[in-house]
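Have a look at the structure below, then the notes.
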Amino acid sequence: MATISETIAAAQEAHLRPFDARRDLGAVADLVELCFKETLDPEGREYLGRMRAAANSPPWIGWAAKAEWSPPAMGGFVWQQDGILVGNVSLIPYYVKSQRFYLIANVAVHPDFRRQGIARRLTERAIAFARQRHAPSVWLHVREENQPAIQLYENLGFIERARRTTWYSAADFELAHLSPDERIVAPRADQWHSMRKWLTQNYPMELSWHMPLRINWLNPGITGGFYRFLYNAEIHQWALFERERLACAVSWQITASRANFFWLAAPAECAPRQVHALLAYVRQQIVAPRPMILDYPARQHEQALQAAGFIPRQTLIWMELPLSK
Ligand SMILES: CC(C)(COP(=O)(O)OP(=O)(O)OC[C@H]1O[C@@H](n2cnc3c(N)ncnc32)[C@H](O)[C@@H]1OP(=O)(O)O)[C@@H](O)C(=O)NCCC(=O)NCCS
């Protein structure tokens with residue numbers, strides 16, 4: 001005979017099912033909008049718009065129904081209760097060095113159904129799915145002020161691995177003076193060793209796979225030029241030298257999305273004035289109506305970025321749950 005706890009567990013399982021693109025897409029977009037309305041940025045609204053457009057596209061829905069995984073954020077699990085979709089967890093597969101990992105995203109529970117263990121059950125189910133597929137670990141990111149969610153993830157065993165701040169360019173910035181020993185010019189091919197080292201430190205693959213960054217494209221030498229040509233990437237670069245020593249470098253990548261990107265190659269010990277001077281100089285050179293995004297390790301060069309006219313939009317904690325074999 002089933003125990004009471006087994007009966008409760010079975011009743012809960014009845015609410016939890018895999019996400020089905022054919023019927024859930026619009027409802028998940030509504031739930032995500034409701035749960036994240038205070039923190040939705042323009043990129044988030046664009047993302048929801050794409051979900052809704054896909055929900056209204058019969059060819060896309062037909063294709064998604066046949067695919068093992070639909071496009072990003074279209075896989076995962078939902079919680080349905082009283083005929084309403086009240087909980088969601090999305091699972092996004094991605095590859096780092098040929099290994100498949102999963103990102104847990106869009107964890108959302110309708111306000112009227114919170115504190116009943118729904119998010120915990122959905123997240124546990126997503127973890128079990130990744131484990132069944134032999135993923136080495138699952139990752140997620142959460143805003144550093146979102147204490148309830150951090151608590152939820154820590155209870156499930158997630159460990160903080162990094163904090164990153166997304167900065168957006170504002171209209172105003174201050175120029176910084178250069179000393180007579182300093183100059184800003186294009187980086188040279190023989191600087192690639194240092195640039196690559198700093199870029200790899202500042203943009204490790206496990207934290208940057210979702211951005212349009214391909215580190216080899218930023219090589220100022222022939223190899224980088226070949227990649228940029230091959231992939232039709234429009235990238236402009238500047239470097240600050242102190243005599244012959246490279247202090248820091250920045251690449252400006254023009255993309256098809258709402259904003260363009262700055263990739264900053266600077267060691268943690270770089271003088272803040274030099275980071276400020278380089279970024280402000282480049283901003284003065286660029287006449288671009290679109291904003292610039294700079295994603296960077298949190299708390300590094302904060303004052304220099306602010307002086308160069310960047311405003312912090314959010315700081316995310318990246319958490320990992322290693323999955324045992
Ligand atoms: C965060 C959220 C998903 C939690 O959903 P939920 O179904 O209420 O969470 P659960 O009931 O499964 O709670 C599991 C654990 O999370 C923690 N938790 C959840 N809500 C909490 C709150 N308001 N305050 C403190 N801890 C909280 C607790 O440790 C809780 O365990 P406990 O109830 O045994 O103490 C929900 O509040 C939500 O949708 N928030 C808005 C969207 C969001 O921030 N999503 C996370 C993005 S990373």
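Ligands are numbered from 1 in the order shown, chains are lettered A, B, ... in the order of the structure tokens, and residues start at 1 in each chain.
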Using only C-alpha atoms and all ligand atoms, which residues of chain A come within 10 Å of ligand 1, and what is the closest atom pair for each, with the distance in Å to one decimal? Give it as CSV, sorted by chain and residue number.
```
residue,atom,partner,partner_atom_place_in_ligand_line,distance
A:Leu31,CA,ligand 1,39 (O),8.7
A:Val32,CA,ligand 1,42 (C),7.5
A:Glu33,CA,ligand 1,42 (C),9.3
A:Leu34,CA,ligand 1,41 (C),8.3
A:Cys35,CA,ligand 1,41 (C),4.5
A:Phe36,CA,ligand 1,42 (C),5.4
A:Lys37,CA,ligand 1,41 (C),8.9
A:Glu38,CA,ligand 1,41 (C),9.3
A:Thr39,CA,ligand 1,44 (O),9.1
A:Trp79,CA,ligand 1,7 (O),10.0
A:Val86,CA,ligand 1,7 (O),9.3
A:Gly87,CA,ligand 1,7 (O),7.5
A:Asn88,CA,ligand 1,3 (C),8.5
A:Val89,CA,ligand 1,3 (C),8.9
A:Ile104,CA,ligand 1,48 (S),8.6
A:Ala105,CA,ligand 1,48 (S),6.7
A:Asn106,CA,ligand 1,47 (C),6.1
A:Val107,CA,ligand 1,45 (N),4.8
A:Ala108,CA,ligand 1,39 (O),3.5
A:Val109,CA,ligand 1,39 (O),3.9
A:His110,CA,ligand 1,39 (O),6.1
A:Pro111,CA,ligand 1,39 (O),6.8
A:Asp112,CA,ligand 1,8 (O),9.0
A:Phe113,CA,ligand 1,7 (O),6.7
A:Arg114,CA,ligand 1,8 (O),3.3
A:Arg115,CA,ligand 1,11 (O),3.2
A:Gln116,CA,ligand 1,11 (O),4.2
A:Gly117,CA,ligand 1,12 (O),3.2
A:Ile118,CA,ligand 1,7 (O),4.0
A:Ala119,CA,ligand 1,12 (O),3.7
A:Arg120,CA,ligand 1,12 (O),3.8
A:Arg121,CA,ligand 1,12 (O),6.5
A:Leu122,CA,ligand 1,12 (O),8.0
A:Thr123,CA,ligand 1,12 (O),8.5
A:Glu124,CA,ligand 1,12 (O),9.8
A:Leu140,CA,ligand 1,48 (S),7.3
A:His141,CA,ligand 1,48 (S),6.1
A:Val142,CA,ligand 1,48 (S),4.1
A:Arg143,CA,ligand 1,48 (S),6.7
A:Glu144,CA,ligand 1,48 (S),9.4
A:Glu145,CA,ligand 1,44 (O),9.7
A:Asn146,CA,ligand 1,44 (O),6.2
A:Gln147,CA,ligand 1,25 (C),6.6
A:Pro148,CA,ligand 1,27 (C),3.8
A:Ala149,CA,ligand 1,1 (C),4.2
A:Ile150,CA,ligand 1,17 (C),7.5
A:Gln151,CA,ligand 1,29 (O),4.8
A:Leu152,CA,ligand 1,16 (O),3.5
A:Tyr153,CA,ligand 1,16 (O),7.3
A:Glu154,CA,ligand 1,29 (O),8.2
A:Asn155,CA,ligand 1,29 (O),6.5
A:Leu156,CA,ligand 1,15 (C),8.9
A:Leu316,CA,ligand 1,48 (S),9.2
A:Ile317,CA,ligand 1,48 (S),9.3
A:Trp318,CA,ligand 1,48 (S),10.0
```
Residue subset to file, keeping C-alpha atoms, as a PDB file, in the first residue's frame:
```
ATOM      1  CA  LEU A  31       4.661  33.554 -17.037  1.00  0.00           C
ATOM      2  CA  VAL A  32       8.244  34.726 -17.604  1.00  0.00           C
ATOM      3  CA  GLU A  33       7.004  38.258 -18.275  1.00  0.00           C
ATOM      4  CA  LEU A  34       4.889  38.237 -15.092  1.00  0.00           C
ATOM      5  CA  CYS A  35       7.666  36.861 -12.883  1.00  0.00           C
ATOM      6  CA  PHE A  36      10.517  38.988 -14.263  1.00  0.00           C
ATOM      7  CA  LYS A  37       8.632  42.213 -15.027  1.00  0.00           C
ATOM      8  CA  GLU A  38      10.701  44.261 -12.561  1.00  0.00           C
ATOM      9  CA  THR A  39      14.011  43.265 -14.119  1.00  0.00           C
ATOM     10  CA  TRP A  79       4.144  22.792 -13.737  1.00  0.00           C
ATOM     11  CA  VAL A  86       2.097  28.138 -13.119  1.00  0.00           C
ATOM     12  CA  GLY A  87       5.735  27.058 -13.167  1.00  0.00           C
ATOM     13  CA  ASN A  88       8.562  26.750 -15.680  1.00  0.00           C
ATOM     14  CA  VAL A  89      12.201  25.761 -15.946  1.00  0.00           C
ATOM     15  CA  ILE A 104      19.004  26.173 -16.354  1.00  0.00           C
ATOM     16  CA  ALA A 105      17.064  29.359 -17.117  1.00  0.00           C
ATOM     17  CA  ASN A 106      13.658  31.004 -16.768  1.00  0.00           C
ATOM     18  CA  VAL A 107      12.922  29.446 -13.383  1.00  0.00           C
ATOM     19  CA  ALA A 108       9.569  31.068 -12.671  1.00  0.00           C
ATOM     20  CA  VAL A 109       6.566  30.313 -10.475  1.00  0.00           C
ATOM     21  CA  HIS A 110       3.312  32.276 -10.546  1.00  0.00           C
ATOM     22  CA  PRO A 111       3.108  34.555  -7.436  1.00  0.00           C
ATOM     23  CA  ASP A 112      -0.091  32.821  -6.213  1.00  0.00           C
ATOM     24  CA  PHE A 113       1.643  29.431  -6.135  1.00  0.00           C
ATOM     25  CA  ARG A 114       4.951  30.260  -4.462  1.00  0.00           C
ATOM     26  CA  ARG A 115       6.520  28.604  -1.385  1.00  0.00           C
ATOM     27  CA  GLN A 116       4.938  25.240  -2.165  1.00  0.00           C
ATOM     28  CA  GLY A 117       8.128  23.607  -3.450  1.00  0.00           C
ATOM     29  CA  ILE A 118       7.258  24.012  -7.158  1.00  0.00           C
ATOM     30  CA  ALA A 119      10.536  25.683  -8.201  1.00  0.00           C
ATOM     31  CA  ARG A 120      12.521  23.129  -6.245  1.00  0.00           C
ATOM     32  CA  ARG A 121      10.726  20.194  -7.919  1.00  0.00           C
ATOM     33  CA  LEU A 122      11.101  21.711 -11.390  1.00  0.00           C
ATOM     34  CA  THR A 123      14.807  22.409 -10.878  1.00  0.00           C
ATOM     35  CA  GLU A 124      15.409  18.920  -9.487  1.00  0.00           C
ATOM     36  CA  LEU A 140      22.692  28.791 -14.091  1.00  0.00           C
ATOM     37  CA  HIS A 141      22.972  32.486 -13.378  1.00  0.00           C
ATOM     38  CA  VAL A 142      21.027  34.578 -10.939  1.00  0.00           C
ATOM     39  CA  ARG A 143      21.028  38.291 -10.114  1.00  0.00           C
ATOM     40  CA  GLU A 144      23.095  38.882  -7.000  1.00  0.00           C
ATOM     41  CA  GLU A 145      20.196  40.622  -5.188  1.00  0.00           C
ATOM     42  CA  ASN A 146      17.763  37.698  -5.795  1.00  0.00           C
ATOM     43  CA  GLN A 147      18.179  36.087  -2.375  1.00  0.00           C
ATOM     44  CA  PRO A 148      15.162  33.707  -2.587  1.00  0.00           C
ATOM     45  CA  ALA A 149      16.487  32.147  -5.803  1.00  0.00           C
ATOM     46  CA  ILE A 150      20.073  31.993  -4.504  1.00  0.00           C
ATOM     47  CA  GLN A 151      18.748  30.150  -1.442  1.00  0.00           C
ATOM     48  CA  LEU A 152      16.846  27.731  -3.652  1.00  0.00           C
ATOM     49  CA  TYR A 153      19.937  26.933  -5.755  1.00  0.00           C
ATOM     50  CA  GLU A 154      22.327  26.668  -2.795  1.00  0.00           C
ATOM     51  CA  ASN A 155      19.942  24.210  -1.127  1.00  0.00           C
ATOM     52  CA  LEU A 156      20.161  22.090  -4.279  1.00  0.00           C
ATOM     53  CA  LEU A 316      24.918  37.926 -12.202  1.00  0.00           C
ATOM     54  CA  ILE A 317      26.211  35.134 -10.015  1.00  0.00           C
ATOM     55  CA  TRP A 318      27.151  32.116 -12.135  1.00  0.00           C
TER      56      TRP A 318
END
```
From region 35-234 of chain A, collect each residue whose DSSP state is strand (DSSP E or B) and return the set as an mmCIF file with N, CA and C atoms, in the first residue's frame.
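Wrote it out as part_29.cif, contents follow:
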```cif
data_model
loop_
_atom_site.group_PDB
_atom_site.id
_atom_site.type_symbol
_atom_site.label_atom_id
_atom_site.label_comp_id
_atom_site.auth_asym_id
_atom_site.auth_seq_id
_atom_site.Cartn_x
_atom_site.Cartn_y
_atom_site.Cartn_z
ATOM 1 N N GLY A 76 12.622 22.022 -21.592
ATOM 2 C CA GLY A 76 12.547 22.135 -20.146
ATOM 3 C C GLY A 76 11.319 21.444 -19.595
ATOM 4 N N PHE A 77 10.830 21.956 -18.461
ATOM 5 C CA PHE A 77 9.681 21.346 -17.782
ATOM 6 C C PHE A 77 8.740 22.441 -17.285
ATOM 7 N N VAL A 78 7.479 22.061 -17.197
ATOM 8 C CA VAL A 78 6.486 23.032 -16.696
ATOM 9 C C VAL A 78 5.667 22.379 -15.585
ATOM 10 N N TRP A 79 5.027 23.239 -14.815
ATOM 11 C CA TRP A 79 4.144 22.792 -13.737
ATOM 12 C C TRP A 79 2.748 23.324 -14.052
ATOM 13 N N GLN A 80 1.787 22.400 -14.161
ATOM 14 C CA GLN A 80 0.423 22.808 -14.501
ATOM 15 C C GLN A 80 -0.489 22.459 -13.334
ATOM 16 N N GLN A 81 -1.281 23.424 -12.924
ATOM 17 C CA GLN A 81 -2.175 23.188 -11.783
ATOM 18 C C GLN A 81 -3.485 23.929 -12.035
ATOM 19 N N ILE A 84 -3.866 25.635 -15.258
ATOM 20 C CA ILE A 84 -3.040 26.804 -15.637
ATOM 21 C C ILE A 84 -1.564 26.429 -15.530
ATOM 22 N N LEU A 85 -0.780 26.966 -16.448
ATOM 23 C CA LEU A 85 0.663 26.746 -16.380
ATOM 24 C C LEU A 85 1.222 27.737 -15.351
ATOM 25 N N VAL A 86 1.686 27.224 -14.200
ATOM 26 C CA VAL A 86 2.097 28.138 -13.119
ATOM 27 C C VAL A 86 3.582 28.069 -12.810
ATOM 28 N N GLY A 87 4.303 27.144 -13.448
ATOM 29 C CA GLY A 87 5.735 27.058 -13.167
ATOM 30 C C GLY A 87 6.495 26.629 -14.406
ATOM 31 N N ASN A 88 7.736 27.099 -14.509
ATOM 32 C CA ASN A 88 8.562 26.750 -15.680
ATOM 33 C C ASN A 88 10.035 26.674 -15.301
ATOM 34 N N VAL A 89 10.736 25.746 -15.946
ATOM 35 C CA VAL A 89 12.201 25.761 -15.946
ATOM 36 C C VAL A 89 12.629 25.435 -17.370
ATOM 37 N N SER A 90 13.518 26.269 -17.927
ATOM 38 C CA SER A 90 14.025 26.007 -19.276
ATOM 39 C C SER A 90 15.402 25.362 -19.160
ATOM 40 N N LEU A 91 15.715 24.518 -20.130
ATOM 41 C CA LEU A 91 17.028 23.861 -20.174
ATOM 42 C C LEU A 91 17.651 24.165 -21.525
ATOM 43 N N ILE A 92 18.819 24.775 -21.491
ATOM 44 C CA ILE A 92 19.478 25.159 -22.739
ATOM 45 C C ILE A 92 20.764 24.349 -22.877
ATOM 46 N N PRO A 93 20.818 23.456 -23.880
ATOM 47 C CA PRO A 93 22.067 22.706 -24.069
ATOM 48 C C PRO A 93 23.109 23.563 -24.776
ATOM 49 N N TYR A 94 24.367 23.413 -24.408
ATOM 50 C CA TYR A 94 25.441 24.122 -25.118
ATOM 51 C C TYR A 94 26.723 23.302 -24.986
ATOM 52 N N TYR A 95 27.694 23.626 -25.831
ATOM 53 C CA TYR A 95 28.920 22.824 -25.882
ATOM 54 C C TYR A 95 30.133 23.666 -25.509
ATOM 55 N N VAL A 96 30.987 23.104 -24.636
ATOM 56 C CA VAL A 96 32.285 23.704 -24.353
ATOM 57 C C VAL A 96 33.304 22.584 -24.546
ATOM 58 N N GLN A 99 32.040 19.082 -25.092
ATOM 59 C CA GLN A 99 31.220 18.429 -24.065
ATOM 60 C C GLN A 99 29.895 19.169 -23.936
ATOM 61 N N ARG A 100 28.815 18.384 -23.792
ATOM 62 C CA ARG A 100 27.509 19.025 -23.701
ATOM 63 C C ARG A 100 27.164 19.355 -22.241
ATOM 64 N N PHE A 101 26.886 20.629 -22.003
ATOM 65 C CA PHE A 101 26.451 21.106 -20.697
ATOM 66 C C PHE A 101 25.008 21.590 -20.845
ATOM 67 N N TYR A 102 24.373 21.883 -19.712
ATOM 68 C CA TYR A 102 23.041 22.488 -19.757
ATOM 69 C C TYR A 102 23.024 23.737 -18.882
ATOM 70 N N LEU A 103 22.319 24.747 -19.379
ATOM 71 C CA LEU A 103 22.064 25.943 -18.581
ATOM 72 C C LEU A 103 20.602 25.912 -18.156
ATOM 73 N N ILE A 104 20.372 26.058 -16.869
ATOM 74 C CA ILE A 104 19.004 26.173 -16.354
ATOM 75 C C ILE A 104 18.624 27.650 -16.403
ATOM 76 N N ALA A 105 17.468 27.948 -16.966
ATOM 77 C CA ALA A 105 17.064 29.359 -17.117
ATOM 78 C C ALA A 105 15.554 29.492 -16.933
ATOM 79 N N ASN A 106 15.098 30.711 -16.846
ATOM 80 C CA ASN A 106 13.658 31.004 -16.768
ATOM 81 C C ASN A 106 12.950 30.219 -15.674
ATOM 82 N N VAL A 107 13.592 30.107 -14.514
ATOM 83 C CA VAL A 107 12.922 29.446 -13.383
ATOM 84 C C VAL A 107 11.881 30.449 -12.867
ATOM 85 N N ALA A 108 10.630 30.101 -12.986
ATOM 86 C CA ALA A 108 9.569 31.068 -12.671
ATOM 87 C C ALA A 108 8.340 30.336 -12.137
ATOM 88 N N VAL A 109 7.792 30.882 -11.052
ATOM 89 C CA VAL A 109 6.566 30.313 -10.475
ATOM 90 C C VAL A 109 5.578 31.467 -10.265
ATOM 91 N N SER A 137 28.142 18.854 -15.809
ATOM 92 C CA SER A 137 27.572 19.738 -14.786
ATOM 93 C C SER A 137 26.436 20.560 -15.396
ATOM 94 N N VAL A 138 25.641 21.151 -14.525
ATOM 95 C CA VAL A 138 24.637 22.123 -14.985
ATOM 96 C C VAL A 138 25.006 23.480 -14.400
ATOM 97 N N TRP A 139 24.692 24.520 -15.148
ATOM 98 C CA TRP A 139 25.007 25.886 -14.733
ATOM 99 C C TRP A 139 23.720 26.707 -14.709
ATOM 100 N N LEU A 140 23.766 27.798 -14.014
ATOM 101 C CA LEU A 140 22.692 28.791 -14.091
ATOM 102 C C LEU A 140 23.283 30.124 -13.675
ATOM 103 N N HIS A 141 22.561 31.197 -13.931
ATOM 104 C CA HIS A 141 22.972 32.486 -13.378
ATOM 105 C C HIS A 141 21.773 33.171 -12.754
ATOM 106 N N VAL A 142 22.083 33.952 -11.726
ATOM 107 C CA VAL A 142 21.027 34.578 -10.939
ATOM 108 C C VAL A 142 21.514 35.960 -10.522
ATOM 109 N N ARG A 143 20.624 36.929 -10.521
ATOM 110 C CA ARG A 143 21.028 38.291 -10.114
ATOM 111 C C ARG A 143 21.469 38.262 -8.662
ATOM 112 N N ILE A 159 27.073 25.770 -6.614
ATOM 113 C CA ILE A 159 28.214 26.469 -6.020
ATOM 114 C C ILE A 159 28.522 27.701 -6.870
ATOM 115 N N GLU A 160 28.749 28.823 -6.183
ATOM 116 C CA GLU A 160 29.092 30.048 -6.929
ATOM 117 C C GLU A 160 30.457 29.892 -7.592
ATOM 118 N N ARG A 161 30.533 30.228 -8.898
ATOM 119 C CA ARG A 161 31.807 30.146 -9.618
ATOM 120 C C ARG A 161 32.333 31.506 -10.046
ATOM 121 N N ALA A 162 31.425 32.462 -10.288
ATOM 122 C CA ALA A 162 31.880 33.781 -10.762
ATOM 123 C C ALA A 162 30.755 34.795 -10.627
ATOM 124 N N ARG A 163 31.143 36.069 -10.610
ATOM 125 C CA ARG A 163 30.160 37.169 -10.678
ATOM 126 C C ARG A 163 30.561 38.063 -11.831
ATOM 127 N N ARG A 164 29.591 38.425 -12.635
ATOM 128 C CA ARG A 164 29.895 39.267 -13.791
ATOM 129 C C ARG A 164 28.886 40.408 -13.890
ATOM 130 N N THR A 165 29.394 41.570 -14.261
ATOM 131 C CA THR A 165 28.518 42.729 -14.414
ATOM 132 C C THR A 165 28.360 43.050 -15.893
ATOM 133 N N THR A 166 27.125 43.340 -16.293
ATOM 134 C CA THR A 166 26.879 43.815 -17.654
ATOM 135 C C THR A 166 26.773 45.335 -17.594
ATOM 136 N N TRP A 167 27.638 46.011 -18.346
ATOM 137 C CA TRP A 167 27.671 47.472 -18.403
ATOM 138 C C TRP A 167 27.109 47.929 -19.741
ATOM 139 N N TYR A 168 26.375 49.037 -19.707
ATOM 140 C CA TYR A 168 25.861 49.649 -20.947
ATOM 141 C C TYR A 168 26.415 51.054 -21.080
ATOM 142 N N SER A 169 26.707 51.453 -22.290
ATOM 143 C CA SER A 169 27.241 52.802 -22.488
ATOM 144 C C SER A 169 26.132 53.842 -22.309
ATOM 145 N N GLU A 182 52.623 57.636 -23.032
ATOM 146 C CA GLU A 182 51.517 56.757 -23.430
ATOM 147 C C GLU A 182 50.953 57.162 -24.797
ATOM 148 N N ARG A 183 50.478 56.142 -25.526
ATOM 149 C CA ARG A 183 49.816 56.434 -26.800
ATOM 150 C C ARG A 183 48.780 55.341 -27.060
ATOM 151 N N ILE A 184 47.759 55.724 -27.840
ATOM 152 C CA ILE A 184 46.718 54.748 -28.189
ATOM 153 C C ILE A 184 46.773 54.538 -29.697
ATOM 154 N N VAL A 185 47.039 53.307 -30.079
ATOM 155 C CA VAL A 185 47.138 52.950 -31.506
ATOM 156 C C VAL A 185 46.516 51.571 -31.694
ATOM 157 N N GLU A 234 32.819 42.315 -38.178
ATOM 158 C CA GLU A 234 33.347 43.683 -38.209
ATOM 159 C C GLU A 234 33.852 44.044 -36.818
#
```
Shortest contact to Asp30 (chain A), candidates A:Arg52, A:Arg214, A:Arg17, A:Arg258, atoms counted only C-alpha atoms, goes to A:Arg52
Would you list the contacts of region 276-284 of chain A as a ChimeraX atom specification, taking every protein, DNA or RNA residue within 12 Å and counting only C-alpha atoms, but skipping same-chain residues closer than 4 positions in sequence? /A:169-179,182-186,236-242,246-252,262-266,270-272,288-292,294,301-310
Save out the residues we just selected, N, CA and C atoms, as a short mmCIF file (atom, residue, chain, number, x, y, z; two decimals), in the first residue's frame.
```
data_model
loop_
_atom_site.label_atom_id
_atom_site.label_comp_id
_atom_site.auth_asym_id
_atom_site.auth_seq_id
_atom_site.Cartn_x
_atom_site.Cartn_y
_atom_site.Cartn_z
N SER A 169 26.71 51.45 -22.29
CA SER A 169 27.24 52.80 -22.49
C SER A 169 26.13 53.84 -22.31
N ALA A 170 26.45 54.89 -21.59
CA ALA A 170 25.54 56.05 -21.48
C ALA A 170 26.08 57.13 -22.40
N ALA A 171 25.30 58.20 -22.54
CA ALA A 171 25.71 59.24 -23.51
C ALA A 171 26.98 59.97 -23.06
N ASP A 172 27.08 60.23 -21.75
CA ASP A 172 28.18 61.09 -21.28
C ASP A 172 29.38 60.29 -20.79
N PHE A 173 30.56 60.81 -21.07
CA PHE A 173 31.77 60.20 -20.53
C PHE A 173 32.84 61.27 -20.42
N GLU A 174 33.81 61.01 -19.52
CA GLU A 174 34.91 61.99 -19.35
C GLU A 174 36.15 61.46 -20.04
N LEU A 175 36.88 62.33 -20.70
CA LEU A 175 38.17 61.91 -21.27
C LEU A 175 39.21 61.90 -20.16
N ALA A 176 40.23 61.07 -20.30
CA ALA A 176 41.31 61.04 -19.30
C ALA A 176 42.61 61.38 -20.02
N HIS A 177 43.51 62.05 -19.30
CA HIS A 177 44.74 62.48 -19.99
C HIS A 177 45.70 61.31 -20.15
N LEU A 178 46.52 61.38 -21.18
CA LEU A 178 47.60 60.40 -21.37
C LEU A 178 48.90 61.07 -20.97
N SER A 179 49.82 60.30 -20.37
CA SER A 179 51.14 60.86 -20.04
C SER A 179 51.96 60.91 -21.34
N GLU A 182 52.62 57.64 -23.03
CA GLU A 182 51.52 56.76 -23.43
C GLU A 182 50.95 57.16 -24.80
N ARG A 183 50.48 56.14 -25.53
CA ARG A 183 49.82 56.43 -26.80
C ARG A 183 48.78 55.34 -27.06
N ILE A 184 47.76 55.72 -27.84
CA ILE A 184 46.72 54.75 -28.19
C ILE A 184 46.77 54.54 -29.70
N VAL A 185 47.04 53.31 -30.08
CA VAL A 185 47.14 52.95 -31.51
C VAL A 185 46.52 51.57 -31.69
N ALA A 186 46.56 51.04 -32.91
CA ALA A 186 46.06 49.68 -33.15
C ALA A 186 47.03 48.67 -32.52
N HIS A 236 36.88 46.38 -34.65
CA HIS A 236 37.92 47.43 -34.67
C HIS A 236 38.65 47.38 -33.32
N GLN A 237 39.96 47.65 -33.36
CA GLN A 237 40.75 47.45 -32.14
C GLN A 237 41.66 48.64 -31.84
N TRP A 238 41.85 48.87 -30.54
CA TRP A 238 42.75 49.92 -30.07
C TRP A 238 43.53 49.37 -28.87
N ALA A 239 44.76 49.88 -28.70
CA ALA A 239 45.57 49.43 -27.56
C ALA A 239 46.27 50.63 -26.95
N LEU A 240 46.43 50.59 -25.62
CA LEU A 240 47.17 51.66 -24.95
C LEU A 240 48.56 51.13 -24.61
N PHE A 241 49.56 51.83 -25.13
CA PHE A 241 50.95 51.45 -24.86
C PHE A 241 51.57 52.47 -23.91
N GLU A 242 52.40 51.94 -22.99
CA GLU A 242 53.22 52.82 -22.16
C GLU A 242 54.65 52.55 -22.61
N LEU A 246 52.51 46.95 -23.72
CA LEU A 246 51.04 46.98 -23.87
C LEU A 246 50.40 47.02 -22.49
N ALA A 247 49.54 48.04 -22.25
CA ALA A 247 48.87 48.13 -20.94
C ALA A 247 47.49 47.47 -21.00
N CYS A 248 46.74 47.76 -22.05
CA CYS A 248 45.40 47.16 -22.20
C CYS A 248 44.94 47.40 -23.64
N ALA A 249 43.94 46.63 -24.04
CA ALA A 249 43.43 46.76 -25.42
C ALA A 249 41.92 46.56 -25.40
N VAL A 250 41.26 47.12 -26.38
CA VAL A 250 39.82 46.92 -26.46
C VAL A 250 39.42 46.64 -27.91
N SER A 251 38.45 45.73 -28.08
CA SER A 251 37.92 45.43 -29.41
C SER A 251 36.46 45.83 -29.43
N TRP A 252 36.05 46.46 -30.51
CA TRP A 252 34.66 46.88 -30.68
C TRP A 252 34.07 46.00 -31.77
N PHE A 262 31.92 45.57 -26.57
CA PHE A 262 33.33 45.88 -26.28
C PHE A 262 33.92 44.67 -25.58
N TRP A 263 35.07 44.22 -26.01
CA TRP A 263 35.79 43.16 -25.30
C TRP A 263 37.07 43.77 -24.78
N LEU A 264 37.19 43.81 -23.46
CA LEU A 264 38.32 44.50 -22.84
C LEU A 264 39.40 43.50 -22.43
N ALA A 265 40.59 43.68 -23.00
CA ALA A 265 41.73 42.82 -22.64
C ALA A 265 42.61 43.65 -21.72
N ALA A 266 42.48 43.41 -20.41
CA ALA A 266 43.28 44.17 -19.44
C ALA A 266 43.55 43.26 -18.25
N CYS A 270 45.97 46.35 -14.05
CA CYS A 270 46.14 47.50 -14.96
C CYS A 270 45.70 48.79 -14.24
N ALA A 271 46.41 49.87 -14.45
CA ALA A 271 46.06 51.13 -13.77
C ALA A 271 44.67 51.58 -14.23
N PRO A 272 43.76 51.89 -13.28
CA PRO A 272 42.41 52.29 -13.67
C PRO A 272 42.41 53.47 -14.63
N ALA A 288 28.35 56.03 -33.14
CA ALA A 288 27.42 54.90 -33.32
C ALA A 288 26.17 55.16 -32.51
N PRO A 289 25.03 55.09 -33.15
CA PRO A 289 23.80 55.36 -32.41
C PRO A 289 23.43 54.21 -31.47
N ARG A 290 23.97 53.01 -31.73
CA ARG A 290 23.55 51.87 -30.91
C ARG A 290 24.37 51.80 -29.62
N PRO A 291 23.76 51.34 -28.51
CA PRO A 291 24.53 51.25 -27.26
C PRO A 291 25.61 50.18 -27.34
N MET A 292 26.56 50.28 -26.43
CA MET A 292 27.62 49.27 -26.35
C MET A 292 27.49 48.52 -25.04
N LEU A 294 29.34 45.98 -22.31
CA LEU A 294 30.64 45.46 -21.86
C LEU A 294 30.36 44.51 -20.70
N HIS A 301 37.79 47.10 -12.18
CA HIS A 301 37.86 48.34 -12.94
C HIS A 301 36.53 49.10 -12.94
N GLU A 302 35.79 48.98 -11.84
CA GLU A 302 34.45 49.60 -11.80
C GLU A 302 34.50 51.12 -11.99
N GLN A 303 35.43 51.75 -11.24
CA GLN A 303 35.46 53.22 -11.31
C GLN A 303 35.90 53.68 -12.70
N ALA A 304 36.84 52.94 -13.28
CA ALA A 304 37.32 53.30 -14.63
C ALA A 304 36.18 53.18 -15.64
N LEU A 305 35.38 52.13 -15.51
CA LEU A 305 34.27 51.94 -16.46
C LEU A 305 33.22 53.05 -16.28
N GLN A 306 32.96 53.39 -15.02
CA GLN A 306 31.98 54.46 -14.78
C GLN A 306 32.47 55.79 -15.35
N ALA A 307 33.75 56.07 -15.14
CA ALA A 307 34.30 57.34 -15.66
C ALA A 307 34.25 57.35 -17.19
N ALA A 308 34.36 56.19 -17.80
CA ALA A 308 34.31 56.12 -19.27
C ALA A 308 32.86 56.06 -19.78
N GLY A 309 31.91 56.31 -18.88
CA GLY A 309 30.51 56.45 -19.32
C GLY A 309 29.74 55.14 -19.42
N PHE A 310 30.14 54.15 -18.65
CA PHE A 310 29.38 52.90 -18.64
C PHE A 310 28.58 52.79 -17.34
#
```
Determine the nearest neighbour of Asp82 (chain A) from the options A:Met319, A:Ala259, A:Ile235, A:Ala14, counting only C-alpha atoms.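 Nearest to Asp82 (chain A): A:Ala14.
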I'd like the contact shell of Ala55 (chain A) - 9 Å cut-off, only C-alpha atoms, skipping same-chain residues fewer than 4 positions apart - returned as a ChimeraX atom specification. /A:21-26,50-51,60-61
